[in-house]
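J.: Provided below: work_5.tsv, containing TSV, N, CA and C atoms.
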chain	number	residue	atom	x	y	z
A	288	MET	N	189.68	80.65	152.07
A	288	MET	CA	191.08	80.30	152.11
A	288	MET	C	191.93	81.35	151.42
A	289	GLY	N	191.42	81.99	150.36
A	289	GLY	CA	192.16	83.00	149.62
A	289	GLY	C	192.50	84.21	150.46
A	290	ALA	N	191.55	84.69	151.28
A	290	ALA	CA	191.79	85.86	152.13
A	290	ALA	C	192.84	85.56	153.17
A	291	ALA	N	192.84	84.34	153.72
A	291	ALA	CA	193.84	83.96	154.72
A	291	ALA	C	195.22	83.94	154.08
A	292	LYS	N	195.30	83.47	152.85
A	292	LYS	CA	196.59	83.41	152.16
A	292	LYS	C	197.15	84.82	151.91
A	293	ASP	N	196.26	85.80	151.66
A	293	ASP	CA	196.69	87.17	151.43
A	293	ASP	C	197.37	87.76	152.66
A	294	ASN	N	196.97	87.30	153.85
A	294	ASN	CA	197.54	87.83	155.09
A	294	ASN	C	198.75	87.05	155.56
A	295	GLU	N	199.14	86.01	154.85
A	295	GLU	CA	200.31	85.23	155.24
A	295	GLU	C	201.56	86.07	155.05
A	296	MET	N	202.45	85.98	156.01
A	296	MET	CA	203.70	86.72	155.93
A	296	MET	C	204.77	85.84	155.28
A	297	LYS	N	205.66	86.51	154.58
A	297	LYS	CA	206.70	85.81	153.83
A	297	LYS	C	207.99	86.59	153.98
A	298	HIS	N	209.10	85.89	154.08
A	298	HIS	CA	210.41	86.54	154.13
A	298	HIS	C	211.01	86.49	152.73
A	299	ILE	N	211.40	87.65	152.23
A	299	ILE	CA	212.10	87.72	150.95
A	299	ILE	C	213.32	88.63	151.11
A	300	THR	N	214.23	88.53	150.19
A	300	THR	CA	215.37	89.43	150.16
A	300	THR	C	215.37	90.10	148.80
A	301	VAL	N	215.43	91.42	148.80
A	301	VAL	CA	215.49	92.17	147.54
A	301	VAL	C	216.86	92.82	147.44
A	302	LEU	N	217.29	93.01	146.21
A	302	LEU	CA	218.56	93.69	145.96
A	302	LEU	C	218.27	95.08	145.43
A	303	ILE	N	218.79	96.08	146.11
A	303	ILE	CA	218.69	97.47	145.65
A	303	ILE	C	220.10	98.01	145.57
A	304	GLY	N	220.49	98.39	144.39
A	304	GLY	CA	221.84	98.90	144.20
A	304	GLY	C	222.89	97.86	144.53
A	305	GLY	N	222.55	96.58	144.33
A	305	GLY	CA	223.50	95.51	144.58
A	305	GLY	C	223.59	95.08	146.04
A	306	ARG	N	222.81	95.71	146.91
A	306	ARG	CA	222.85	95.35	148.33
A	306	ARG	C	221.57	94.62	148.71
A	307	PRO	N	221.70	93.55	149.50
A	307	PRO	CA	220.52	92.78	149.90
A	307	PRO	C	219.79	93.44	151.06
A	308	TYR	N	218.46	93.40	150.98
A	308	TYR	CA	217.60	93.91	152.04
A	308	TYR	C	216.55	92.85	152.35
A	309	PRO	N	216.65	92.22	153.52
A	309	PRO	CA	215.64	91.24	153.90
A	309	PRO	C	214.36	91.94	154.32
A	310	LEU	N	213.24	91.42	153.87
A	310	LEU	CA	211.93	92.00	154.18
A	310	LEU	C	210.98	90.90	154.65
A	311	LYS	N	210.06	91.29	155.51
A	311	LYS	CA	208.96	90.42	155.89
A	311	LYS	C	207.71	91.10	155.37
A	312	ILE	N	207.03	90.44	154.44
A	312	ILE	CA	205.92	91.07	153.72
A	312	ILE	C	204.71	90.16	153.70
A	313	ASN	N	203.55	90.76	153.37
A	313	ASN	CA	202.37	89.96	153.07
A	313	ASN	C	202.61	89.29	151.72
A	314	THR	N	202.25	88.03	151.64
A	314	THR	CA	202.44	87.28	150.40
A	314	THR	C	201.80	88.00	149.22
A	315	SER	N	200.65	88.60	149.44
A	315	SER	CA	199.94	89.27	148.35
A	315	SER	C	200.67	90.52	147.87
A	316	ASP	N	201.57	91.06	148.68
A	316	ASP	CA	202.31	92.27	148.30
A	316	ASP	C	203.56	91.98	147.47
A	317	GLU	N	203.95	90.72	147.39
A	317	GLU	CA	205.22	90.40	146.74
A	317	GLU	C	205.32	90.88	145.29
A	318	PRO	N	204.31	90.67	144.44
A	318	PRO	CA	204.46	91.15	143.06
A	318	PRO	C	204.69	92.66	142.97
A	319	ALA	N	203.95	93.43	143.77
A	319	ALA	CA	204.11	94.89	143.75
A	319	ALA	C	205.50	95.28	144.25
A	320	ILE	N	205.97	94.63	145.31
A	320	ILE	CA	207.29	94.95	145.85
A	320	ILE	C	208.37	94.63	144.84
A	321	ARG	N	208.27	93.48	144.21
A	321	ARG	CA	209.28	93.10	143.19
A	321	ARG	C	209.28	94.11	142.03
A	322	LYS	N	208.10	94.56	141.63
A	322	LYS	CA	208.01	95.54	140.54
A	322	LYS	C	208.65	96.86	140.97
A	323	ILE	N	208.38	97.30	142.19
A	323	ILE	CA	208.94	98.55	142.69
A	323	ILE	C	210.46	98.46	142.79
A	324	VAL	N	210.96	97.33	143.28
A	324	VAL	CA	212.41	97.14	143.39
A	324	VAL	C	213.05	97.20	142.00
A	325	LYS	N	212.39	96.60	141.02
A	325	LYS	CA	212.92	96.64	139.64
A	325	LYS	C	212.96	98.09	139.14
A	326	GLU	N	211.89	98.85	139.38
A	326	GLU	CA	211.86	100.25	138.96
A	326	GLU	C	212.94	101.08	139.66
A	327	ILE	N	213.12	100.84	140.96
A	327	ILE	CA	214.15	101.56	141.70
A	327	ILE	C	215.53	101.29	141.10
A	328	ASN	N	215.82	100.01	140.85
A	328	ASN	CA	217.13	99.67	140.28
A	328	ASN	C	217.32	100.25	138.88
A	329	GLU	N	216.24	100.28	138.10
A	329	GLU	CA	216.34	100.89	136.76
A	329	GLU	C	216.62	102.39	136.86
A	330	LYS	N	215.92	103.10	137.76
A	330	LYS	CA	216.17	104.53	137.94
A	330	LYS	C	217.58	104.77	138.46
A	331	LEU	N	217.99	103.95	139.41
A	331	LEU	CA	219.34	104.06	139.96
A	331	LEU	C	220.38	103.89	138.86
A	332	ASN	N	220.19	102.88	138.02
A	332	ASN	CA	221.13	102.64	136.92
A	332	ASN	C	221.16	103.82	135.94
A	333	ARG	N	219.99	104.41	135.66
A	333	ARG	CA	219.96	105.57	134.76
A	333	ARG	C	220.72	106.75	135.37
A	334	PHE	N	220.53	106.98	136.67
A	334	PHE	CA	221.27	108.06	137.32
A	334	PHE	C	222.77	107.78	137.30
A	335	GLN	N	223.16	106.53	137.52
A	335	GLN	CA	224.58	106.20	137.51
A	335	GLN	C	225.19	106.38	136.13
A	336	LEU	N	224.42	106.10	135.09
A	336	LEU	CA	224.93	106.30	133.72
A	336	LEU	C	224.97	107.78	133.36
A	337	THR	N	224.00	108.53	133.84
A	337	THR	CA	223.92	109.95	133.53
A	337	THR	C	224.94	110.76	134.32
A	338	TYR	N	225.09	110.43	135.59
A	338	TYR	CA	225.97	111.19	136.48
A	338	TYR	C	227.14	110.30	136.92
A	339	THR	N	228.06	110.07	136.00
A	339	THR	CA	229.17	109.16	136.26
A	339	THR	C	230.11	109.68	137.34
A	340	ASN	N	230.07	110.99	137.61
A	340	ASN	CA	230.93	111.56	138.64
A	340	ASN	C	230.33	111.43	140.04
A	341	LYS	N	229.11	110.92	140.15
A	341	LYS	CA	228.45	110.77	141.46
A	341	LYS	C	228.60	109.33	141.95
A	342	ASP	N	228.68	109.17	143.26
A	342	ASP	CA	228.77	107.81	143.80
A	342	ASP	C	227.37	107.21	143.93
A	343	LYS	N	227.34	105.94	144.29
A	343	LYS	CA	226.07	105.21	144.37
A	343	LYS	C	225.12	105.85	145.38
A	344	GLN	N	225.65	106.34	146.50
A	344	GLN	CA	224.80	106.97	147.52
A	344	GLN	C	224.10	108.20	146.95
A	345	ASP	N	224.82	109.02	146.18
A	345	ASP	CA	224.21	110.19	145.55
A	345	ASP	C	223.11	109.77	144.60
A	346	CYS	N	223.37	108.73	143.81
A	346	CYS	CA	222.36	108.26	142.86
A	346	CYS	C	221.15	107.67	143.57
A	347	LEU	N	221.37	106.96	144.68
A	347	LEU	CA	220.25	106.46	145.48
A	347	LEU	C	219.43	107.61	146.04
A	348	SER	N	220.10	108.66	146.48
A	348	SER	CA	219.39	109.83	147.01
A	348	SER	C	218.56	110.50	145.92
A	349	MET	N	219.11	110.61	144.72
A	349	MET	CA	218.36	111.20	143.62
A	349	MET	C	217.17	110.33	143.23
A	350	THR	N	217.34	109.01	143.31
A	350	THR	CA	216.23	108.09	143.05
A	350	THR	C	215.13	108.29	144.08
A	351	LEU	N	215.51	108.38	145.34
A	351	LEU	CA	214.54	108.62	146.42
A	351	LEU	C	213.82	109.94	146.21
A	352	LEU	N	214.55	110.98	145.84
A	352	LEU	CA	213.94	112.28	145.60
A	352	LEU	C	212.94	112.21	144.45
A	353	THR	N	213.26	111.46	143.42
A	353	THR	CA	212.35	111.30	142.29
A	353	THR	C	211.02	110.69	142.76
A	354	TYR	N	211.11	109.65	143.59
A	354	TYR	CA	209.89	109.04	144.11
A	354	TYR	C	209.13	109.98	145.03
A	355	ALA	N	209.84	110.75	145.84
A	355	ALA	CA	209.18	111.70	146.75
A	355	ALA	C	208.43	112.76	145.95
A	356	VAL	N	209.01	113.24	144.87
A	356	VAL	CA	208.35	114.24	144.02
A	356	VAL	C	207.11	113.64	143.38
A	357	GLU	N	207.22	112.42	142.88
A	357	GLU	CA	206.07	111.76	142.27
A	357	GLU	C	204.95	111.56	143.29
A	358	LEU	N	205.29	111.14	144.50
A	358	LEU	CA	204.30	110.97	145.55
A	358	LEU	C	203.63	112.29	145.91
A	359	HIS	N	204.43	113.35	145.98
A	359	HIS	CA	203.89	114.67	146.29
A	359	HIS	C	202.89	115.11	145.22
A	360	LYS	N	203.23	114.90	143.96
A	360	LYS	CA	202.33	115.27	142.86
A	360	LYS	C	201.01	114.50	142.95
A	361	VAL	N	201.09	113.20	143.24
A	361	VAL	CA	199.88	112.39	143.34
A	361	VAL	C	199.04	112.85	144.52
A	362	THR	N	199.69	113.13	145.65
A	362	THR	CA	198.97	113.60	146.84
A	362	THR	C	198.28	114.93	146.56
A	363	GLN	N	198.99	115.84	145.90
A	363	GLN	CA	198.41	117.14	145.54
A	363	GLN	C	197.21	116.96	144.61
A	364	ALA	N	197.35	116.08	143.64
A	364	ALA	CA	196.26	115.84	142.68
A	364	ALA	C	195.04	115.26	143.40
A	365	GLN	N	195.27	114.37	144.35
A	365	GLN	CA	194.15	113.79	145.10
A	365	GLN	C	193.46	114.86	145.93
A	366	THR	N	194.24	115.75	146.53
A	366	THR	CA	193.67	116.83	147.33
A	366	THR	C	192.84	117.75	146.46
A	367	GLU	N	193.39	118.10	145.30
A	367	GLU	CA	192.67	118.97	144.37
A	367	GLU	C	191.41	118.28	143.86
A	368	ASN	N	191.49	116.98	143.58
A	368	ASN	CA	190.32	116.24	143.11
A	368	ASN	C	189.24	116.18	144.18
A	369	ALA	N	189.63	116.00	145.44
A	369	ALA	CA	188.66	115.97	146.53
A	369	ALA	C	187.98	117.32	146.67
A	370	SER	N	188.76	118.39	146.53
A	370	SER	CA	188.20	119.74	146.62
A	370	SER	C	187.23	119.98	145.47
A	371	LEU	N	187.62	119.59	144.27
A	371	LEU	CA	186.77	119.75	143.10
A	371	LEU	C	185.50	118.91	143.24
A	372	LYS	N	185.64	117.70	143.76
A	372	LYS	CA	184.47	116.84	143.95
A	372	LYS	C	183.49	117.50	144.92
A	373	GLY	N	184.01	118.09	145.98
A	373	GLY	CA	183.14	118.78	146.94
A	373	GLY	C	182.42	119.95	146.31
A	374	LYS	N	183.14	120.72	145.49
A	374	LYS	CA	182.52	121.87	144.83
A	374	LYS	C	181.46	121.43	143.82
A	375	LEU	N	181.76	120.36	143.09
A	375	LEU	CA	180.78	119.84	142.13
A	375	LEU	C	179.54	119.31	142.84
A	376	SER	N	179.74	118.67	143.97
A	376	SER	CA	178.61	118.17	144.75
A	376	SER	C	177.74	119.33	145.24
A	377	LEU	N	178.39	120.39	145.71
A	377	LEU	CA	177.66	121.58	146.17
A	377	LEU	C	176.89	122.20	145.01
A	378	LEU	N	177.54	122.32	143.86
A	378	LEU	CA	176.89	122.87	142.68
A	378	LEU	C	175.70	122.01	142.26
A	379	ASN	N	175.87	120.70	142.31
A	379	ASN	CA	174.79	119.78	141.97
A	379	ASN	C	173.62	119.96	142.93
A	380	ASP	N	173.91	120.11	144.23
A	380	ASP	CA	172.85	120.32	145.22
A	380	ASP	C	172.11	121.64	144.96
A	381	LEU	N	172.87	122.68	144.60
A	381	LEU	CA	172.25	123.97	144.29
A	381	LEU	C	171.35	123.87	143.07
A	382	LEU	N	171.83	123.18	142.05
A	382	LEU	CA	171.02	122.99	140.84
A	382	LEU	C	169.76	122.19	141.16
A	383	ASP	N	169.90	121.15	141.98
A	383	ASP	CA	168.73	120.36	142.37
A	383	ASP	C	167.70	121.20	143.09
A	384	SER	N	168.18	122.09	143.98
A	384	SER	CA	167.25	122.91	144.75
A	384	SER	C	166.56	123.96	143.86
A	385	VAL	N	167.26	124.45	142.86
A	385	VAL	CA	166.67	125.44	141.94
A	385	VAL	C	165.65	124.76	141.02
A	386	LEU	N	165.96	123.55	140.57
A	386	LEU	CA	165.08	122.84	139.63
A	386	LEU	C	163.92	122.16	140.33
A	387	ALA	N	163.98	122.01	141.63
A	387	ALA	CA	162.90	121.30	142.35
A	387	ALA	C	161.70	122.18	142.58
For this file, produce the structure as structure tokens.
T.:
Amino acid sequence: MGAAKDNEMKHITVLIGGRPYPLKINTSDEPAIRKIVKEINEKLNRFQLTYTNKDKQDCLSMTLLTYAVELHKVTQAQTENASLKGKLSLLNDLLDSVLA
């Protein structure tokens, strides 16, 4: 019954920058989505306080750019880790063949 509940769809409305956005989500995703929405609004508020001469759209764009940069860094790190894992595996195989 738990797995079926995870796949249940739910309609929620989130507020980003004071504007409502209706979403249809998996019930199991709701806590993560709510947390992300909270983080987005906090970053948006920080940009609005820091850059008082910018409008909300500019601050939303800067918030989006911040997330894009963070995603890029994580993706790069995963790629580098996969490459390193492959090299370590090759080195381990070479050591095994020498010691055998």
J.: When you look at segment 336-345 of chain A with a cut-off of 8 Å (counting only N, CA and C atoms), what residues show up, excluding the ones that are within fewer than 6 positions of it in the same chain? I need them as a ChimeraX atom specification.
T.: /A:304,330,351
J.: DSSP on the backbone: what in chain A comes out alpha helix (DSSP H), as a VMD selection string?
T.: chain A and resid 289 to 293 317 to 337 343 to 386
J.: Give me, as JSON, numbers by chain, the residues of segment 302-358 of chain A that a backbone DSSP run labels strand (DSSP E or B).
T.: {"A": [302, 303, 306, 307, 308, 309, 310, 311, 312, 313]}
J.: Work out how far atom CA of Thr300 of chain A is from atom CA of Asn313 of chain A, in Å to one decimal.
T.: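 Atom CA of Thr300 of chain A lies at a distance of 13.3 Å from atom CA of Asn313 of chain A.
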J.: What separation in Å, quoted to one decimal, exists between atom N of Asn328 of chain A and atom N of Ile303 of chain A?
T.: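 For atom N of Asn328 of chain A relative to atom N of Ile303 of chain A, the distance reads 7.2 Å.
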J.: Name the residues in contact with Pro309 of chain A at a cut-off of 8 Å, using only N, CA and C atoms, excluding same-chain residues fewer than 5 positions from it; report them as a list in words.
T.: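 With the cut-off at 8 Å, the set is His298, Ile299, Thr300, Val301 and Leu302 of chain A.
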J.: To one decimal place, how far is atom C of Leu386 of chain A from atom N of Ser370 of chain A in Å?
T.: 25.9 Å
